[in-house]
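Structure below is structure-v9.cif: mmCIF, C-alpha atoms.
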data_query
#
loop_
_atom_site.label_atom_id
_atom_site.label_comp_id
_atom_site.auth_asym_id
_atom_site.auth_seq_id
_atom_site.Cartn_x
_atom_site.Cartn_y
_atom_site.Cartn_z
CA MET A 1 -23.05 -29.11 9.61
CA ARG A 2 -21.50 -30.26 12.88
CA SER A 3 -18.45 -31.69 11.08
CA THR A 4 -18.06 -28.46 9.09
CA LEU A 5 -18.05 -26.36 12.24
CA LEU A 6 -15.55 -28.73 13.85
CA SER A 7 -13.30 -28.50 10.79
CA LEU A 8 -13.44 -24.70 10.82
CA CYS A 9 -12.61 -24.60 14.53
CA MET A 10 -9.63 -26.89 14.00
CA LEU A 11 -8.51 -24.80 11.04
CA SER A 12 -8.72 -21.51 12.92
CA GLY A 13 -6.70 -23.03 15.76
CA ALA A 14 -4.04 -24.25 13.38
CA LEU A 15 -3.81 -20.86 11.66
CA ALA A 16 -3.51 -19.07 14.99
CA ALA A 17 -0.87 -21.47 16.31
CA ARG A 18 1.49 -21.63 13.37
CA PRO A 19 4.47 -19.26 13.31
CA PHE A 20 4.09 -16.00 11.43
CA LEU A 21 6.86 -15.22 8.96
CA ASN A 22 7.23 -11.44 8.70
CA GLU A 23 9.99 -12.11 6.18
CA PRO A 24 9.93 -15.48 4.37
CA ASP A 25 13.01 -17.65 4.79
CA THR A 26 14.71 -17.45 1.40
CA GLY A 27 18.24 -17.67 2.80
CA PHE A 28 18.80 -14.00 3.67
CA ASP A 29 20.30 -14.57 7.13
CA GLU A 30 22.58 -17.36 5.99
CA TYR A 31 23.75 -15.48 2.91
CA PHE A 32 24.62 -12.36 4.90
CA SER A 33 25.83 -14.14 8.03
CA ASP A 34 29.29 -12.56 7.77
CA LEU A 35 27.98 -9.00 7.99
CA ALA A 36 28.73 -7.11 11.19
CA ALA A 37 25.78 -6.27 13.42
CA GLY A 38 23.96 -3.25 12.02
CA GLU A 39 25.80 -3.30 8.71
CA LEU A 40 23.64 -2.93 5.62
CA PRO A 41 23.93 -5.67 3.00
CA PRO A 42 25.17 -4.54 -0.42
CA LEU A 43 22.22 -3.08 -2.31
CA ASP A 44 22.92 -5.07 -5.46
CA LYS A 45 22.64 -8.31 -3.47
CA LEU A 46 19.02 -7.67 -2.44
CA VAL A 47 16.72 -9.73 -4.62
CA GLY A 48 13.19 -8.93 -3.46
CA LEU A 49 11.14 -6.44 -1.44
CA PRO A 50 11.24 -8.58 1.76
CA ASP A 51 15.04 -8.21 1.70
CA PHE A 52 14.67 -4.47 2.34
CA ASP A 53 12.62 -5.23 5.46
CA ALA A 54 15.30 -7.64 6.72
CA ALA A 55 18.07 -5.14 5.98
CA ALA A 56 16.25 -2.30 7.75
CA ARG A 57 15.50 -4.48 10.79
CA ARG A 58 19.19 -5.29 11.16
CA HIS A 59 20.34 -1.72 10.60
CA LEU A 60 17.88 0.69 12.23
CA PRO A 61 17.49 1.45 15.93
CA THR A 62 14.64 -0.66 17.30
CA MET A 63 12.44 2.38 17.92
CA ASN A 64 12.82 3.61 14.34
CA TYR A 65 12.15 0.20 12.81
CA THR A 66 9.17 -0.29 15.12
CA TYR A 67 7.52 2.89 13.84
CA TYR A 68 7.42 1.44 10.33
CA ARG A 69 6.75 -2.17 11.31
CA ASN A 70 4.02 -1.85 13.95
CA GLY A 71 0.35 -2.70 13.55
CA ALA A 72 -2.79 -2.37 15.64
CA GLY A 73 -3.60 -4.63 18.58
CA GLY A 74 -2.21 -8.14 18.16
CA GLU A 75 -1.27 -7.25 14.57
CA TRP A 76 -3.62 -9.82 13.04
CA SER A 77 -4.71 -7.40 10.31
CA TYR A 78 -1.07 -6.60 9.57
CA ARG A 79 -0.42 -10.33 9.31
CA ASN A 80 -3.51 -10.92 7.18
CA ASN A 81 -2.48 -8.16 4.76
CA LEU A 82 0.68 -10.12 4.05
CA GLU A 83 -0.77 -13.62 4.00
CA VAL A 84 -4.07 -13.09 2.18
CA TYR A 85 -2.54 -13.13 -1.29
CA ASN A 86 -1.50 -16.76 -1.01
CA ARG A 87 -4.99 -17.71 0.11
CA TYR A 88 -6.12 -17.17 -3.48
CA ARG A 89 -4.25 -19.35 -5.94
CA LEU A 90 -3.30 -18.48 -9.47
CA ARG A 91 -4.65 -20.53 -12.38
CA PRO A 92 -1.83 -20.04 -14.92
CA ARG A 93 -2.78 -20.31 -18.56
CA THR A 94 -0.32 -21.66 -21.11
CA MET A 95 0.17 -21.41 -24.86
CA VAL A 96 -0.19 -17.62 -24.70
CA ASP A 97 2.12 -15.10 -26.38
CA ILE A 98 3.35 -13.05 -23.41
CA THR A 99 6.45 -11.56 -25.05
CA GLY A 100 4.97 -8.05 -25.06
CA ILE A 101 4.08 -7.99 -21.37
CA GLU A 102 6.65 -5.33 -20.41
CA SER A 103 5.14 -2.91 -22.91
CA THR A 104 1.86 -3.09 -20.97
CA LEU A 105 3.37 -1.94 -17.66
CA PRO A 106 2.77 1.81 -18.20
CA THR A 107 -0.53 3.18 -16.92
CA THR A 108 -2.36 6.38 -16.11
CA ILE A 109 -3.49 7.53 -12.68
CA LEU A 110 -6.09 10.30 -12.83
CA GLY A 111 -4.88 10.99 -16.36
CA HIS A 112 -1.19 11.27 -15.48
CA ASN A 113 1.25 8.90 -17.19
CA PHE A 114 3.48 6.55 -15.21
CA SER A 115 5.77 3.66 -16.11
CA ALA A 116 4.07 1.03 -13.92
CA PRO A 117 0.76 0.30 -12.15
CA PHE A 118 2.09 0.83 -8.63
CA PHE A 119 2.98 3.84 -6.51
CA ILE A 120 4.64 4.83 -3.23
CA THR A 121 1.93 5.19 -0.60
CA PRO A 122 1.79 7.98 1.99
CA CYS A 123 4.03 7.00 4.91
CA ALA A 124 5.07 9.37 7.68
CA ARG A 125 8.47 10.00 9.28
CA GLY A 126 10.91 9.20 6.49
CA GLY A 127 13.59 10.58 8.81
CA TYR A 128 13.34 7.47 10.97
CA GLY A 129 14.94 5.55 8.12
CA ASN A 130 17.26 8.10 6.59
CA VAL A 131 18.71 11.41 7.78
CA ASP A 132 17.61 12.95 4.47
CA GLY A 133 13.99 12.19 5.23
CA GLU A 134 11.82 11.71 2.14
CA LYS A 135 14.47 12.88 -0.33
CA GLY A 136 15.17 9.31 -1.50
CA LEU A 137 11.46 8.60 -1.97
CA VAL A 138 10.92 11.68 -4.15
CA GLU A 139 14.04 11.13 -6.23
CA GLY A 140 13.59 7.36 -6.48
CA ALA A 141 10.01 7.80 -7.71
CA ALA A 142 11.26 10.25 -10.33
CA ASN A 143 14.00 7.86 -11.46
CA GLY A 144 11.49 5.03 -11.79
CA ASP A 145 8.76 7.26 -13.24
CA ILE A 146 6.15 6.18 -10.70
CA LEU A 147 3.79 8.18 -8.52
CA TYR A 148 4.77 9.27 -5.02
CA MET A 149 2.18 10.40 -2.48
CA PRO A 150 3.97 12.34 0.29
CA SER A 151 2.44 12.10 3.76
CA LEU A 152 1.26 15.21 5.57
CA TYR A 153 3.32 13.97 8.53
CA ALA A 154 6.49 13.45 6.54
CA THR A 155 9.74 14.46 8.19
CA LEU A 156 10.25 17.07 5.49
CA THR A 157 7.67 19.79 4.90
CA ILE A 158 5.54 19.94 1.78
CA GLU A 159 7.79 22.69 0.50
CA GLU A 160 11.02 20.81 1.27
CA ILE A 161 9.75 17.73 -0.55
CA THR A 162 8.78 19.87 -3.54
CA ALA A 163 12.35 21.18 -3.77
CA PHE A 164 13.56 17.63 -4.53
CA LYS A 165 11.05 17.02 -7.32
CA LYS A 166 12.27 16.82 -10.90
CA ASP A 167 10.74 19.13 -13.49
CA GLY A 168 7.36 17.76 -14.47
CA GLN A 169 7.28 15.13 -11.71
CA VAL A 170 3.74 14.33 -10.58
CA THR A 171 2.94 13.87 -6.90
CA PHE A 172 -0.35 13.62 -4.98
CA GLN A 173 -0.42 15.14 -1.49
CA GLN A 174 -1.87 13.08 1.38
CA VAL A 175 -3.86 15.03 3.96
CA TYR A 176 -5.73 14.63 7.21
CA LEU A 177 -8.72 16.99 7.29
CA ASP A 178 -11.43 18.07 9.68
CA SER A 179 -14.04 20.82 9.95
CA ASP A 180 -11.48 23.60 10.60
CA ASP A 181 -11.88 25.47 7.31
CA THR A 182 -9.09 27.93 8.03
CA THR A 183 -6.47 25.22 8.53
CA THR A 184 -7.86 23.20 5.64
CA GLN A 185 -7.77 26.12 3.21
CA SER A 186 -4.18 26.87 4.15
CA LEU A 187 -3.22 23.24 3.58
CA PHE A 188 -4.99 23.15 0.22
CA GLU A 189 -3.15 26.29 -0.87
CA ARG A 190 0.22 24.82 0.17
CA ALA A 191 -0.49 21.64 -1.79
CA LYS A 192 -1.53 23.66 -4.85
CA ALA A 193 1.59 25.83 -4.59
CA ALA A 194 3.68 22.63 -4.41
CA ASP A 195 2.10 21.59 -7.72
CA ALA A 196 0.42 18.53 -6.23
CA LYS A 197 -1.99 17.16 -8.83
CA ALA A 198 -4.43 15.62 -6.35
CA LEU A 199 -5.20 15.37 -2.65
CA VAL A 200 -5.37 12.01 -0.87
CA PHE A 201 -7.79 12.38 2.04
CA THR A 202 -7.22 9.69 4.69
CA ILE A 203 -10.65 8.77 6.08
CA ASP A 204 -9.84 5.57 8.02
CA SER A 205 -8.35 7.21 11.11
CA ALA A 206 -11.26 8.84 12.90
CA ALA A 207 -9.56 7.92 16.20
CA ASP A 208 -6.14 6.91 17.47
CA GLY A 209 -4.79 3.55 16.31
CA ASN A 210 -4.55 0.87 19.02
CA ARG A 211 -0.86 0.13 18.42
CA HIS A 212 0.62 -1.97 21.24
CA ARG A 213 4.04 -2.52 19.68
CA ALA A 214 4.41 1.19 18.91
CA ALA A 215 3.31 2.20 22.41
CA ARG A 216 6.24 0.35 23.95
CA TYR A 217 8.64 2.65 22.13
CA GLY A 218 6.61 5.85 22.16
CA VAL A 219 6.11 5.91 18.40
CA GLY A 220 2.34 5.81 18.08
CA SER A 221 0.01 7.39 15.56
CA ALA A 222 0.87 10.78 14.10
CA ASP A 223 -2.87 11.60 14.13
CA SER A 224 -4.36 10.62 17.49
CA ALA A 225 -7.41 12.90 17.90
CA TYR A 226 -11.06 12.02 17.46
CA THR A 227 -12.12 13.51 14.13
CA VAL A 228 -15.48 14.10 12.50
CA ILE A 229 -15.26 12.64 8.98
CA THR A 230 -18.58 12.49 7.11
CA TRP A 231 -19.94 12.59 3.56
CA ASP A 232 -21.22 16.11 4.23
CA LEU A 233 -17.68 17.14 5.14
CA TYR A 234 -16.34 15.57 1.94
CA ASP A 235 -18.90 17.44 -0.16
CA HIS A 236 -17.92 20.67 1.57
CA LEU A 237 -14.18 20.09 1.16
CA ARG A 238 -14.61 19.66 -2.59
CA THR A 239 -15.97 23.22 -2.79
CA MET A 240 -12.74 24.55 -1.28
CA THR A 241 -10.31 23.39 -3.98
CA ASP A 242 -10.19 22.51 -7.64
CA LEU A 243 -7.81 19.63 -6.96
CA PRO A 244 -9.37 16.15 -7.11
CA ILE A 245 -9.81 14.65 -3.64
CA ILE A 246 -9.19 10.89 -3.48
CA LEU A 247 -10.75 9.01 -0.57
CA LYS A 248 -8.15 6.79 1.12
CA GLY A 249 -9.38 4.13 3.52
CA ILE A 250 -12.48 2.67 1.83
CA GLN A 251 -13.09 -0.74 3.44
CA THR A 252 -16.53 -1.90 2.30
CA VAL A 253 -18.52 -2.16 -0.91
CA GLU A 254 -21.16 0.08 0.69
CA ASP A 255 -18.69 2.94 1.20
CA ALA A 256 -17.34 2.42 -2.31
CA GLN A 257 -20.86 2.81 -3.67
CA GLU A 258 -21.42 5.88 -1.54
CA ALA A 259 -18.18 7.40 -2.83
CA VAL A 260 -19.41 6.94 -6.39
CA ARG A 261 -22.69 8.64 -5.47
CA HIS A 262 -20.66 11.56 -4.14
CA ASN A 263 -18.66 11.72 -7.38
CA ALA A 264 -15.31 10.81 -5.89
CA PRO A 265 -12.73 10.90 -8.71
CA ALA A 266 -10.99 7.87 -7.21
CA ILE A 267 -11.20 5.62 -4.18
CA TYR A 268 -8.31 4.01 -2.37
CA LEU A 269 -8.90 0.69 -0.62
CA SER A 270 -6.75 0.56 2.51
CA ASN A 271 -6.84 -0.48 6.16
CA HIS A 272 -3.96 1.87 7.01
CA GLY A 273 -1.43 -0.94 6.81
CA GLY A 274 -3.25 -2.79 9.60
CA ARG A 275 -2.35 0.06 11.97
CA GLN A 276 -5.76 1.46 12.98
CA ILE A 277 -8.12 -1.35 14.04
CA ASP A 278 -7.10 -4.96 14.35
CA GLY A 279 -9.47 -7.35 12.65
CA ALA A 280 -10.15 -5.13 9.64
CA ARG A 281 -10.10 -7.02 6.35
CA SER A 282 -7.30 -6.66 3.85
CA PRO A 283 -7.79 -4.37 0.84
CA LEU A 284 -7.59 -7.46 -1.40
CA GLU A 285 -10.66 -8.86 0.36
CA VAL A 286 -12.45 -5.53 -0.04
CA ALA A 287 -11.59 -5.44 -3.75
CA LEU A 288 -12.96 -8.97 -4.07
CA GLU A 289 -16.17 -7.93 -2.32
CA ILE A 290 -16.60 -5.05 -4.77
CA ARG A 291 -15.88 -7.32 -7.74
CA GLN A 292 -18.52 -9.81 -6.55
CA GLN A 293 -21.22 -7.40 -5.39
CA ALA A 294 -20.80 -4.19 -7.40
CA PRO A 295 -18.31 -4.70 -10.25
CA GLU A 296 -19.56 -1.58 -12.03
CA ILE A 297 -17.64 0.50 -9.49
CA PHE A 298 -14.39 -0.31 -11.28
CA SER A 299 -15.68 1.49 -14.37
CA GLN A 300 -17.40 4.32 -12.49
CA THR A 301 -14.30 5.60 -10.69
CA GLU A 302 -10.62 4.75 -10.45
CA VAL A 303 -9.86 2.24 -7.71
CA TYR A 304 -6.48 1.96 -5.99
CA ALA A 305 -5.47 -0.49 -3.24
CA ASP A 306 -2.51 -1.21 -0.98
CA GLY A 307 -1.82 -3.54 1.94
CA GLY A 308 0.88 -6.18 2.32
CA VAL A 309 2.15 -6.07 -1.26
CA ARG A 310 5.57 -7.71 -1.43
CA TYR A 311 5.64 -9.55 -4.77
CA GLY A 312 4.76 -9.02 -8.39
CA ALA A 313 2.08 -11.70 -8.12
CA ASP A 314 0.39 -9.66 -5.35
CA VAL A 315 0.07 -6.73 -7.74
CA VAL A 316 -1.23 -9.01 -10.50
CA LYS A 317 -4.02 -10.35 -8.26
CA LEU A 318 -5.21 -6.84 -7.39
CA LEU A 319 -5.09 -5.78 -11.03
CA ALA A 320 -7.10 -8.89 -11.95
CA LEU A 321 -9.93 -7.68 -9.72
CA GLY A 322 -10.05 -4.32 -11.48
CA VAL A 323 -7.76 -2.22 -9.31
CA LYS A 324 -6.17 0.52 -11.43
CA ALA A 325 -2.97 1.05 -9.44
CA VAL A 326 -1.43 -0.62 -6.38
CA GLY A 327 0.16 1.14 -3.43
CA VAL A 328 3.33 -0.08 -1.73
CA GLY A 329 4.33 1.46 1.59
CA ARG A 330 6.61 -0.23 4.12
CA PRO A 331 8.98 -1.80 1.53
CA PHE A 332 9.77 1.65 0.16
CA MET A 333 10.33 3.06 3.66
CA TYR A 334 12.79 0.23 4.24
CA ALA A 335 14.38 0.83 0.83
CA ASN A 336 14.77 4.50 1.76
CA VAL A 337 17.32 3.39 4.36
CA TYR A 338 19.61 3.17 1.30
CA GLY A 339 18.39 6.54 0.01
CA THR A 340 17.56 7.27 -3.61
CA GLU A 341 19.48 4.26 -4.89
CA GLY A 342 17.56 1.91 -2.62
CA VAL A 343 14.16 3.23 -3.68
CA SER A 344 15.18 3.06 -7.33
CA ARG A 345 16.35 -0.53 -6.87
CA ALA A 346 13.09 -1.55 -5.19
CA ILE A 347 11.10 -0.05 -8.08
CA GLU A 348 13.18 -1.97 -10.61
CA ILE A 349 12.69 -5.23 -8.71
CA LEU A 350 8.92 -4.84 -8.48
CA LYS A 351 8.54 -3.88 -12.14
CA HIS A 352 10.49 -6.97 -13.18
CA GLU A 353 8.50 -9.25 -10.85
CA ILE A 354 5.16 -7.94 -12.11
CA ALA A 355 6.19 -8.62 -15.70
CA ILE A 356 7.56 -12.13 -15.18
CA ASP A 357 4.83 -13.21 -12.75
CA ALA A 358 2.15 -12.01 -15.17
CA ALA A 359 3.90 -13.78 -18.05
CA ASN A 360 4.17 -17.03 -16.12
CA ALA A 361 0.45 -16.77 -15.34
CA GLY A 362 -0.28 -16.53 -19.06
CA ILE A 363 -1.24 -12.85 -18.98
CA ALA A 364 -0.42 -11.02 -22.20
CA ASP A 365 -1.68 -7.57 -21.19
CA LEU A 366 -1.74 -6.10 -17.67
CA LYS A 367 -4.63 -3.84 -18.68
CA ASN A 368 -6.77 -6.77 -19.78
CA ILE A 369 -6.54 -9.48 -17.14
CA ASP A 370 -9.26 -12.09 -16.90
CA PRO A 371 -10.29 -12.24 -13.20
CA ASN A 372 -10.56 -16.01 -13.61
CA ILE A 373 -6.76 -16.18 -13.74
CA VAL A 374 -7.17 -16.47 -9.95
CA ASP A 375 -9.27 -19.01 -8.03
CA TRP A 376 -11.19 -16.62 -5.77
CA THR A 377 -12.27 -19.39 -3.41
CA PRO A 378 -9.86 -19.31 -0.46
CA TYR A 379 -7.88 -22.52 -0.63
CA TRP A 380 -8.64 -23.45 2.98
CA ALA A 381 -12.40 -22.98 2.39
CA SER A 382 -12.42 -25.62 -0.33
CA ALA A 383 -10.51 -28.17 1.72
#
If you took the structure in this file and wrote it as structure tokens, what would it be?
Amino acid sequence: MRSTLLSLCMLSGALAARPFLNEPDTGFDEYFSDLAAGELPPLDKLVGLPDFDAAARRHLPTMNYTYYRNGAGGEWSYRNNLEVYNRYRLRPRTMVDITGIESTLPTTILGHNFSAPFFITPCARGGYGNVDGEKGLVEGAANGDILYMPSLYATLTIEEITAFKKDGQVTFQQVYLDSDDTTTQSLFERAKAADAKALVFTIDSAADGNRHRAARYGVGSADSAYTVITWDLYDHLRTMTDLPIILKGIQTVEDAQEAVRHNAPAIYLSNHGGRQIDGARSPLEVALEIRQQAPEIFSQTEVYADGGVRYGADVVKLLALGVKAVGVGRPFMYANVYGTEGVSRAIEILKHEIAIDAANAGIADLKNIDPNIVDWTPYWASA
């Protein structure tokens, strides 16, 4: 017991001391070393989602980049969101016919058809990355036939975003709600008029996020008030609209079970990108907790999750746990620096990575992944 505790202490010290790589070193800086300061690399030379982060960091004013990049406190939850995926190792199977894997990419989200099991998460202030605001996000999502969830605090209004939608394009509207029925009813009516097919109610921001990095540049939380968010409120809100209300910000198996009891049409596992409370677990860890303690939830309601997704293999691991669709946020905000073409390119990259990573893991069907394709014992815990 004593030796185990000593080992864990030494391990935690090593993890805390080692450098954190916000963007992995895959040769980006060397390859683009001839670019002038602030110049964007050619879009067709970007090979992965982390490249969009690196490009945006070089190009955007520090304040603008900081708004997207910042996390809560010492940013340990932000860091954990990124690093947790590699804590759980794949167990690739061989001798499997994976040649039809791309045909299994399409999925449904609340009954709506999309070309891939990932979507653009609600992120505020698209104008910090592009003078056209969220235009590139709407149009890129349409080009790639994936779901976009506009943020209530987008640079463009709900109505302005709607004007950029293609005929038949499905969007879900993110909202912050409280007990002010008059304001809420008006917001619901605007979302319905914009032809939003669902509402995404953010429930993980009952208070202001403790964002040190953001505070230095005056770009803190868009929603900084104390807010009463309860199950009674959720039940009441559902009587005010016929749109399905998805709960975004579920962080425990207990709240997931409670959401099922309250007939939530879908739950969205999220820690707000590590921006609200430092020390909160990653959505992957929450999904694992649900899989281990209450796996029936994945068949009782649709489950979505985001948080630190940068690679196809990240998506595959969440799907393996039973997650229906995976949200991607910051990479698309960085891709939006390039506008519609950048968002479209990022979608193409992630679709391709999901397919080839699944194939190399021996997965023949993205809708039928054996959870045992991943070793769910953290690699450092078995050392």
- Message: Take the PyMOL selection byres ((chain A and resi 262) around 12), run it mentally on this structure, and tell me the resulting residues as a list in words.
- Response: Thr230, Trp231, Asp232, Leu233, Tyr234, Asp235, His236, Leu237, Arg238, Ile245, Ile246, Leu247, Asp255, Ala256, Gln257, Glu258, Ala259, Val260, Arg261, Asn263, Ala264, Pro265, Ala266, Ile267, Gln300 and Thr301 of chain A
File of the preceding selection, C-alpha atoms, as a PDB file, in the coordinates of the input:
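Final output, result.pdb:
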ATOM      1  CA  THR A 230     -18.580  12.490   7.110  1.00  0.00           C
ATOM      2  CA  TRP A 231     -19.940  12.590   3.560  1.00  0.00           C
ATOM      3  CA  ASP A 232     -21.220  16.110   4.230  1.00  0.00           C
ATOM      4  CA  LEU A 233     -17.680  17.140   5.140  1.00  0.00           C
ATOM      5  CA  TYR A 234     -16.340  15.570   1.940  1.00  0.00           C
ATOM      6  CA  ASP A 235     -18.900  17.440  -0.160  1.00  0.00           C
ATOM      7  CA  HIS A 236     -17.920  20.670   1.570  1.00  0.00           C
ATOM      8  CA  LEU A 237     -14.180  20.090   1.160  1.00  0.00           C
ATOM      9  CA  ARG A 238     -14.610  19.660  -2.590  1.00  0.00           C
ATOM     10  CA  ILE A 245      -9.810  14.650  -3.640  1.00  0.00           C
ATOM     11  CA  ILE A 246      -9.190  10.890  -3.480  1.00  0.00           C
ATOM     12  CA  LEU A 247     -10.750   9.010  -0.570  1.00  0.00           C
ATOM     13  CA  ASP A 255     -18.690   2.940   1.200  1.00  0.00           C
ATOM     14  CA  ALA A 256     -17.340   2.420  -2.310  1.00  0.00           C
ATOM     15  CA  GLN A 257     -20.860   2.810  -3.670  1.00  0.00           C
ATOM     16  CA  GLU A 258     -21.420   5.880  -1.540  1.00  0.00           C
ATOM     17  CA  ALA A 259     -18.180   7.400  -2.830  1.00  0.00           C
ATOM     18  CA  VAL A 260     -19.410   6.940  -6.390  1.00  0.00           C
ATOM     19  CA  ARG A 261     -22.690   8.640  -5.470  1.00  0.00           C
ATOM     20  CA  ASN A 263     -18.660  11.720  -7.380  1.00  0.00           C
ATOM     21  CA  ALA A 264     -15.310  10.810  -5.890  1.00  0.00           C
ATOM     22  CA  PRO A 265     -12.730  10.900  -8.710  1.00  0.00           C
ATOM     23  CA  ALA A 266     -10.990   7.870  -7.210  1.00  0.00           C
ATOM     24  CA  ILE A 267     -11.200   5.620  -4.180  1.00  0.00           C
ATOM     25  CA  GLN A 300     -17.400   4.320 -12.490  1.00  0.00           C
ATOM     26  CA  THR A 301     -14.300   5.600 -10.690  1.00  0.00           C
TER      27      THR A 301
END
- Item | Residue members of the PyMOL selection byres ((chain A and resi 249-252) around 12) in the file shown, as a PyMOL selection string | chain A and resi 122+174+176+200-206+229+246-248+253-260+264+266-277+279-291+293-294+303-307
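Pairwise distance (atom CA of Val337 of chain A, atom CA of Ala116 of chain A) equals 22.7 Å.
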- Query: What separation in Å, quoted to one decimal, exists between atom CA of Gly38 of chain A and atom CA of Ala72 of chain A?
  - Reply: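 Answer for the atom CA of Gly38 of chain A to atom CA of Ala72 of chain A separation: 27.0 Å.
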- Between A:Ala355, A:Ile369, A:Leu147, A:Val228, single out the one closest to Leu177 of chain A, counting all atoms listed in the file. A:Val228
- Query: Which neighbours of Pro41 of chain A fall inside 9 Å, counting only C-alpha atoms, when residues of the same chain fewer than 5 positions from it are skipped, and could you give them as a list of chain:residue names?
  - Reply: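 My list of contacting residues is A:Phe32, A:Leu35, A:Leu46, A:Ala55.
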Enumerate, as an mmCIF file with C-alpha atoms, keeping the file's coordinate frame, the residues matched when the PyMOL selection byres ((chain A and resi 21) around 12) is run on the file above.
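Everything below was put into result.cif:
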data_model
loop_
_atom_site.group_PDB
_atom_site.id
_atom_site.type_symbol
_atom_site.label_atom_id
_atom_site.label_comp_id
_atom_site.auth_asym_id
_atom_site.auth_seq_id
_atom_site.Cartn_x
_atom_site.Cartn_y
_atom_site.Cartn_z
ATOM 1 C CA ARG A 18 1.490 -21.630 13.370
ATOM 2 C CA PRO A 19 4.470 -19.260 13.310
ATOM 3 C CA PHE A 20 4.090 -16.000 11.430
ATOM 4 C CA ASN A 22 7.230 -11.440 8.700
ATOM 5 C CA GLU A 23 9.990 -12.110 6.180
ATOM 6 C CA PRO A 24 9.930 -15.480 4.370
ATOM 7 C CA ASP A 25 13.010 -17.650 4.790
ATOM 8 C CA THR A 26 14.710 -17.450 1.400
ATOM 9 C CA PRO A 50 11.240 -8.580 1.760
ATOM 10 C CA ALA A 54 15.300 -7.640 6.720
ATOM 11 C CA TYR A 78 -1.070 -6.600 9.570
ATOM 12 C CA ARG A 79 -0.420 -10.330 9.310
ATOM 13 C CA ASN A 80 -3.510 -10.920 7.180
ATOM 14 C CA LEU A 82 0.680 -10.120 4.050
ATOM 15 C CA GLU A 83 -0.770 -13.620 4.000
#
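The smallest atom-to-atom distance between Tyr31 of chain A and any of A:Glu296, A:Asp208, A:Glu134, A:Asp51, using only C-alpha atoms, is found for A:Asp51.
With distances taken over all atoms listed in the file, A:Val170 is the one residue among A:Pro371, A:Arg58, A:Val170, A:Asn81 lying closest to Thr108 of chain A.
Put simply, atom CA of Cys123 of chain A is 7.1 Å away from atom CA of Ala154 of chain A.
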- Task: May I have the residues within 12 Å of Trp376 of chain A as a list of chain:residue names, using all atoms listed in the file and disregarding those fewer than 2 positions away in the same chain?
- Result: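 That gives A:Val84, A:Tyr85, A:Asn86, A:Arg87, A:Tyr88, A:Arg89, A:Leu90, A:Arg91, A:Leu284, A:Glu285, A:Ala287, A:Leu288, A:Glu289, A:Arg291, A:Gln292, A:Lys317, A:Leu318, A:Ala320, A:Leu321, A:Pro371, A:Asn372, A:Ile373, A:Val374, A:Pro378, A:Tyr379, A:Trp380, A:Ala381, A:Ser382.
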- Item | Nearest-residue call for Glu102 of chain A, choices A:Ala214, A:Phe172, A:Lys351, A:Gly362, using all atoms listed in the file | A:Lys351
- Please tell me which residues are no farther than 7 Å from (0.8, -5.3, -17.5) in the file, counting all atoms listed in the file, and write them as a list of chain:residue names.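 Residues lying no farther than 7 Å from the given point: A:Ile101, A:Glu102, A:Thr104, A:Leu105, A:Ala355, A:Asp365, A:Leu366, A:Lys367.
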- Can you tell me, as a list of chain:residue names, what residues are no more than 8 Å from Phe164 of chain A when counting all atoms listed in the file, ignoring any on the same chain fewer than 4 positions away? A:Lys135, A:Val138, A:Glu139, A:Glu160
Export of the given selection (C-alpha atoms) as a PDB file, keeping the file's coordinate frame:
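Final output, out23.pdb:
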ATOM      1  CA  LYS A 135      14.470  12.880  -0.330  1.00  0.00           C
ATOM      2  CA  VAL A 138      10.920  11.680  -4.150  1.00  0.00           C
ATOM      3  CA  GLU A 139      14.040  11.130  -6.230  1.00  0.00           C
ATOM      4  CA  GLU A 160      11.020  20.810   1.270  1.00  0.00           C
TER       5      GLU A 160
END
- Judged by only C-alpha atoms, the minimum distance to Ala56 of chain A among A:Thr182, A:Phe28, A:Ser151, A:Pro331 is found for A:Pro331
